[in-house]
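Everything on this sheet refers to the single structure shown next.
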Amino acid sequence: MRYDLDDLRLFLDIVDEGSITAGARRMHLSLPSASARVRSLEHHAGVALLIRGRRGVRPTPAGTTLARHARDVLAQTARLESAVASYTRSPAAPLTLLGGGSAMHRLVPQALVSFLRAHPDVDVTVSESRTPQTVRMLADGEADLGVVLDDEARDCGLEMEPLGDDSLVVIGQAGGILAGRTALAYSEVAEHPMVGLNADSSLRRWIEKHLGPHAPVVRYRTSVASLNILVALAAAGVGLAVVPRRAIDPNQLLDVCHLQDAWSRRRHLLAWGAKTRTASTATAALAEHLRRAALSEPTSRNGHPEPGK
């Protein structure tokens with residue numbers, strides 16, 4: 001019994017997303033086309049693979065088994081294609097991946113680890129870049145993939161797809177100022193001593209841009225270069241900090257509150273370079289590892305879902 005690889009990719013996307021509609025979107029298919037391919041796959045297998053409900057779909061036991069083996073088959077296929085492609089692709093031309101500071105904190109490193117292990121013959125050049133610069137480089141063909149923010153990348157003409165949540169939250173010492181609070185506005189946060197990233201960091205600039213000229217005056221106890229250090233300082237009670245939720249270790253002891261400001265809700269998008277619409281196998285594989293990294297991030301200690309959930 002033989003299965004079409006594209007049908008297997010579609011089935012895995014549907015299982016990962018819990019939705020035929022979302023799976024179709026990731027494969028750039030219409031919903032009727034995706035549904036027809038799933039029915040054909042079930043007919044080919046001779047057994048139901050999905051349980052359909054009002055809130056989405058989930059795999060049957062047979063579907064779970066198919067998904068597990070499909071991941072192995074696609075991984076082996078990608079390694080095979082990468083090995084063959086290494087004879088025609090110049091080793092001096094690595095893939096180029098760009099992303100902002102938040103994406104570089106955990107998402108990109110996790111994707112790189114799995115991708116580079118699976119593709120030993122493909123190299124990747126990674127650079128931190130703010131969304132406007134990333135969009136320009138992708139449009140000019142200077143990069144293959146980029147992780148960008150939705151509000152700064154709209155209508156840029158690039159091919160993009162949702163990657164995960166990158167909303168901002170305020171954090172502080174457990175049992176401190178934020179104790180018992182679930183949400184507050186940035187104007188109230190700014191009334192307390194804060195710690196922040198360096199003034200030239202992409203996150204700091206992004207926040208100040210959205211606060212505008214009438215932003216509240218903030219007392220920064222200190223500014224640092226690393227999100228890890230920033231979270232550690234806030235957890236130690238040095239000051240409050242505004243960080244992406246994805247930057248928080250689920251096991252770290254601290255208080256986390258939603259920000260009520262609309263600008264705090266943002267999403268990461270995976271953007272493709274203008275010259276990669278007919279993407280190489282390696283580029284497509286790197287994109288898939290980024291998707292899986294976004295989906296695999298854990299649920300936070302206080303029960304709020306991490307990006308991609």
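For the structure tokens, the naming scheme is as follows: chains receive sequential letters (A, B, ...) according to their order of presentation, residues are indexed from 1 within each chain, and ligands are indexed from 1 in presentation order.
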Checklist entry - Per DSSP on the backbone, what are the helix (DSSP H, G or I) residues of range 142-228 of chain A, as a list in words? => result Asp150, Asp151, Glu152, Ala153, Tyr186, Ser187, Glu188, Val189, Ser202, Leu203, Arg204, Arg205, Trp206, Ile207, Glu208, Lys209, His210, Leu211, Leu227 and Asn228 of chain A
Output of the above residues as a PDB file, in the first residue's frame, restricted to C-alpha atoms:
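Wrote part_21.pdb, looks like this:
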```
ATOM      1  CA  ASP A 150       2.005  40.530  11.891  1.00  0.00           C
ATOM      2  CA  ASP A 151       1.307  44.249  12.411  1.00  0.00           C
ATOM      3  CA  GLU A 152       4.545  45.307  10.699  1.00  0.00           C
ATOM      4  CA  ALA A 153       4.409  42.892   7.776  1.00  0.00           C
ATOM      5  CA  TYR A 186       0.863  49.511  30.563  1.00  0.00           C
ATOM      6  CA  SER A 187       0.210  52.952  32.061  1.00  0.00           C
ATOM      7  CA  GLU A 188      -0.174  51.263  35.445  1.00  0.00           C
ATOM      8  CA  VAL A 189       2.888  49.098  34.911  1.00  0.00           C
ATOM      9  CA  SER A 202      14.069  45.250  18.678  1.00  0.00           C
ATOM     10  CA  LEU A 203      11.549  44.632  21.479  1.00  0.00           C
ATOM     11  CA  ARG A 204      12.271  47.941  23.268  1.00  0.00           C
ATOM     12  CA  ARG A 205      11.967  49.881  20.000  1.00  0.00           C
ATOM     13  CA  TRP A 206       8.765  48.052  19.105  1.00  0.00           C
ATOM     14  CA  ILE A 207       7.147  48.917  22.452  1.00  0.00           C
ATOM     15  CA  GLU A 208       8.190  52.572  22.308  1.00  0.00           C
ATOM     16  CA  LYS A 209       6.931  52.855  18.726  1.00  0.00           C
ATOM     17  CA  HIS A 210       3.476  51.643  19.732  1.00  0.00           C
ATOM     18  CA  LEU A 211       3.326  53.781  22.873  1.00  0.00           C
ATOM     19  CA  LEU A 227      15.678  38.190  27.670  1.00  0.00           C
ATOM     20  CA  ASN A 228      16.940  35.474  30.011  1.00  0.00           C
TER      21      ASN A 228
END
```
Checklist entry - Near range 121-127 of chain A, counting only C-alpha atoms, which residues have an atom at most 12 Å away, once you skip same-chain residues fewer than 6 positions from it, shown as a PyMOL selection string? => result chain A and resi 78-101+103-104+108-109+111-113+115+133-134+137+142-147+280-283+285-286
Checklist entry - DSSP on the backbone: what in range 2-83 of chain A comes out strand (DSSP E or B), as a PyMOL selection string? => result chain A and resi 50-53+56-59
What would the file look like if the residues just selected were written as a PDB file, in the first residue's frame with N, CA and C atoms?
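Contents of result15.pdb, as written:
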```
ATOM      1  N   LEU A  50      -9.868  10.151  10.921  1.00  0.00           N
ATOM      2  CA  LEU A  50     -10.163  11.351  11.707  1.00  0.00           C
ATOM      3  C   LEU A  50     -11.545  11.244  12.326  1.00  0.00           C
ATOM      4  N   ILE A  51     -11.653  11.759  13.539  1.00  0.00           N
ATOM      5  CA  ILE A  51     -12.957  11.926  14.184  1.00  0.00           C
ATOM      6  C   ILE A  51     -13.333  13.389  14.041  1.00  0.00           C
ATOM      7  N   ARG A  52     -14.428  13.668  13.382  1.00  0.00           N
ATOM      8  CA  ARG A  52     -14.830  15.032  13.081  1.00  0.00           C
ATOM      9  C   ARG A  52     -15.842  15.528  14.109  1.00  0.00           C
ATOM     10  N   GLY A  53     -15.632  16.712  14.617  1.00  0.00           N
ATOM     11  CA  GLY A  53     -16.531  17.299  15.602  1.00  0.00           C
ATOM     12  C   GLY A  53     -16.757  18.768  15.312  1.00  0.00           C
ATOM     13  N   GLY A  56     -13.511  20.841  15.637  1.00  0.00           N
ATOM     14  CA  GLY A  56     -12.328  20.436  14.891  1.00  0.00           C
ATOM     15  C   GLY A  56     -12.270  18.941  14.712  1.00  0.00           C
ATOM     16  N   VAL A  57     -11.091  18.420  14.509  1.00  0.00           N
ATOM     17  CA  VAL A  57     -10.909  16.986  14.277  1.00  0.00           C
ATOM     18  C   VAL A  57      -9.782  16.467  15.167  1.00  0.00           C
ATOM     19  N   ARG A  58      -9.820  15.160  15.401  1.00  0.00           N
ATOM     20  CA  ARG A  58      -8.732  14.494  16.111  1.00  0.00           C
ATOM     21  C   ARG A  58      -8.548  13.120  15.482  1.00  0.00           C
ATOM     22  N   PRO A  59      -7.347  12.575  15.554  1.00  0.00           N
ATOM     23  CA  PRO A  59      -7.109  11.300  14.883  1.00  0.00           C
ATOM     24  C   PRO A  59      -7.742  10.120  15.607  1.00  0.00           C
TER      25      PRO A  59
END
```
Next on the checklist: Residues near range 170-183 of chain A, anyone? I mean within 8 Å using only C-alpha atoms, not counting same-chain ones fewer than 4 positions away, as a VMD selection string.
Outcome noted: chain A and resid 189 231 234 to 237 239 to 243 253 to 260
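The shortest atom-to-atom distance to Asp200 in chain A, with only C-alpha atoms taken into account, belongs to A:Arg130 out of A:Arg130, A:Arg267, A:Arg39, A:Arg68.
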Checklist entry - Contacts of Lys275 in chain A at 10 Å or less, counting only C-alpha atoms, minus same-chain residues fewer than 3 places along, as a PyMOL selection string? => result chain A and resi 138-144+158+272+278-279
Checklist entry - Smallest atom-to-atom distance to Leu116 in chain A: which of A:His289, A:Ser296, A:Ala232, A:Ser40, using only C-alpha atoms? => result A:His289
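With only C-alpha atoms as the atoms that count, the minimum distance from Val238 in chain A to the choices A:Met27, A:Ala185, A:Met194, A:Leu295 is reached by A:Met194.
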Checklist entry - What does the distance between CA of Arg246 in chain A and CA of Ser19 in chain A come to in Å, to one decimal place? => result 23.4 Å
Next on the checklist: Report, in Å to a single decimal, how far apart CA of Leu74 in chain A and CA of Asp16 in chain A are.
Outcome noted: 14.9 Å
Item to check | Long-range neighbours of Arg266 in chain A as a list of chain:residue names, 9 Å cut-off, only C-alpha atoms, 5 positions minimum in chain | outcome: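 Here the qualifying residues turn out to be A:Leu149, A:Asp150, A:Asp151, A:Asp165, A:Asp166, A:Ser167, A:Leu168.
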File dump, residues just selected, N, CA and C atoms, as a tab-separated table (two decimals), in the first residue's frame:
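Final file, again.tsv:
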```
chain	number	residue	atom	x	y	z
A	149	LEU	N	6.66	40.02	12.60
A	149	LEU	CA	5.47	40.36	13.39
A	149	LEU	C	4.34	40.78	12.47
A	150	ASP	N	3.13	40.33	12.80
A	150	ASP	CA	2.00	40.53	11.89
A	150	ASP	C	1.71	42.00	11.60
A	151	ASP	N	1.73	42.86	12.63
A	151	ASP	CA	1.31	44.25	12.41
A	151	ASP	C	2.30	45.05	11.59
A	165	ASP	N	1.76	32.62	18.53
A	165	ASP	CA	1.50	33.81	19.33
A	165	ASP	C	2.81	34.40	19.86
A	166	ASP	N	2.89	35.72	19.86
A	166	ASP	CA	4.06	36.40	20.44
A	166	ASP	C	3.60	37.58	21.28
A	167	SER	N	2.45	37.42	21.94
A	167	SER	CA	1.90	38.50	22.75
A	167	SER	C	2.80	38.82	23.93
A	168	LEU	N	2.70	40.07	24.39
A	168	LEU	CA	3.51	40.55	25.50
A	168	LEU	C	2.74	40.47	26.81
```
Checklist entry - Within 10 Å of Ile229 in chain A, counting only C-alpha atoms, which residues qualify if same-chain residues fewer than 5 places away don't, as a list in words? => result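 Listing them by chain and then by number gives Val195, Gly196, Leu197, Ser223, Val224, Ala234 and Ala235 of chain A.
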Could those residues be written to a file, using N, CA, C and O atoms, as a PDB file, in the first residue's frame?
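As a result, selection-v4.pdb now contains:
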```pdb
ATOM      1  N   VAL A 195      12.515  46.938  34.755  1.00  0.00           N
ATOM      2  CA  VAL A 195      13.761  46.545  34.109  1.00  0.00           C
ATOM      3  C   VAL A 195      13.411  46.286  32.650  1.00  0.00           C
ATOM      4  O   VAL A 195      12.294  45.852  32.329  1.00  0.00           O
ATOM      5  N   GLY A 196      14.348  46.578  31.761  1.00  0.00           N
ATOM      6  CA  GLY A 196      14.044  46.442  30.342  1.00  0.00           C
ATOM      7  C   GLY A 196      15.245  46.016  29.535  1.00  0.00           C
ATOM      8  O   GLY A 196      16.366  45.915  30.047  1.00  0.00           O
ATOM      9  N   LEU A 197      14.997  45.766  28.253  1.00  0.00           N
ATOM     10  CA  LEU A 197      16.090  45.472  27.338  1.00  0.00           C
ATOM     11  C   LEU A 197      16.783  46.772  26.931  1.00  0.00           C
ATOM     12  O   LEU A 197      16.248  47.864  27.114  1.00  0.00           O
ATOM     13  N   SER A 223      19.033  48.254  32.257  1.00  0.00           N
ATOM     14  CA  SER A 223      18.727  47.716  30.936  1.00  0.00           C
ATOM     15  C   SER A 223      19.755  46.648  30.609  1.00  0.00           C
ATOM     16  O   SER A 223      20.949  46.815  30.877  1.00  0.00           O
ATOM     17  N   VAL A 224      19.288  45.552  30.015  1.00  0.00           N
ATOM     18  CA  VAL A 224      20.170  44.421  29.727  1.00  0.00           C
ATOM     19  C   VAL A 224      19.983  43.979  28.282  1.00  0.00           C
ATOM     20  O   VAL A 224      19.046  44.407  27.607  1.00  0.00           O
ATOM     21  N   ALA A 234      13.405  40.334  36.892  1.00  0.00           N
ATOM     22  CA  ALA A 234      12.018  40.548  37.307  1.00  0.00           C
ATOM     23  C   ALA A 234      11.612  39.519  38.358  1.00  0.00           C
ATOM     24  O   ALA A 234      10.943  39.853  39.350  1.00  0.00           O
ATOM     25  N   ALA A 235      12.010  38.269  38.169  1.00  0.00           N
ATOM     26  CA  ALA A 235      11.672  37.213  39.129  1.00  0.00           C
ATOM     27  C   ALA A 235      12.314  37.475  40.488  1.00  0.00           C
ATOM     28  O   ALA A 235      11.762  37.095  41.529  1.00  0.00           O
TER      29      ALA A 235
END
```
Next on the checklist: List the spatial neighbours of Val15 in chain A as JSON, numbers by chain - criterion: any atom at most 12 Å away, only C-alpha atoms, same-chain residues fewer than 2 positions off excluded.
Outcome noted: {"A": [8, 9, 10, 11, 12, 13, 17, 18, 19, 20, 21, 22, 23, 24, 26, 38, 49, 50, 51, 52, 56, 57, 58, 59, 60, 63, 64, 65, 66, 67, 68, 70, 71, 295]}
Checklist entry - What separation in Å, quoted to one decimal, exists between CA of Pro250 in chain A and CA of Ser102 in chain A? => result 16.2 Å
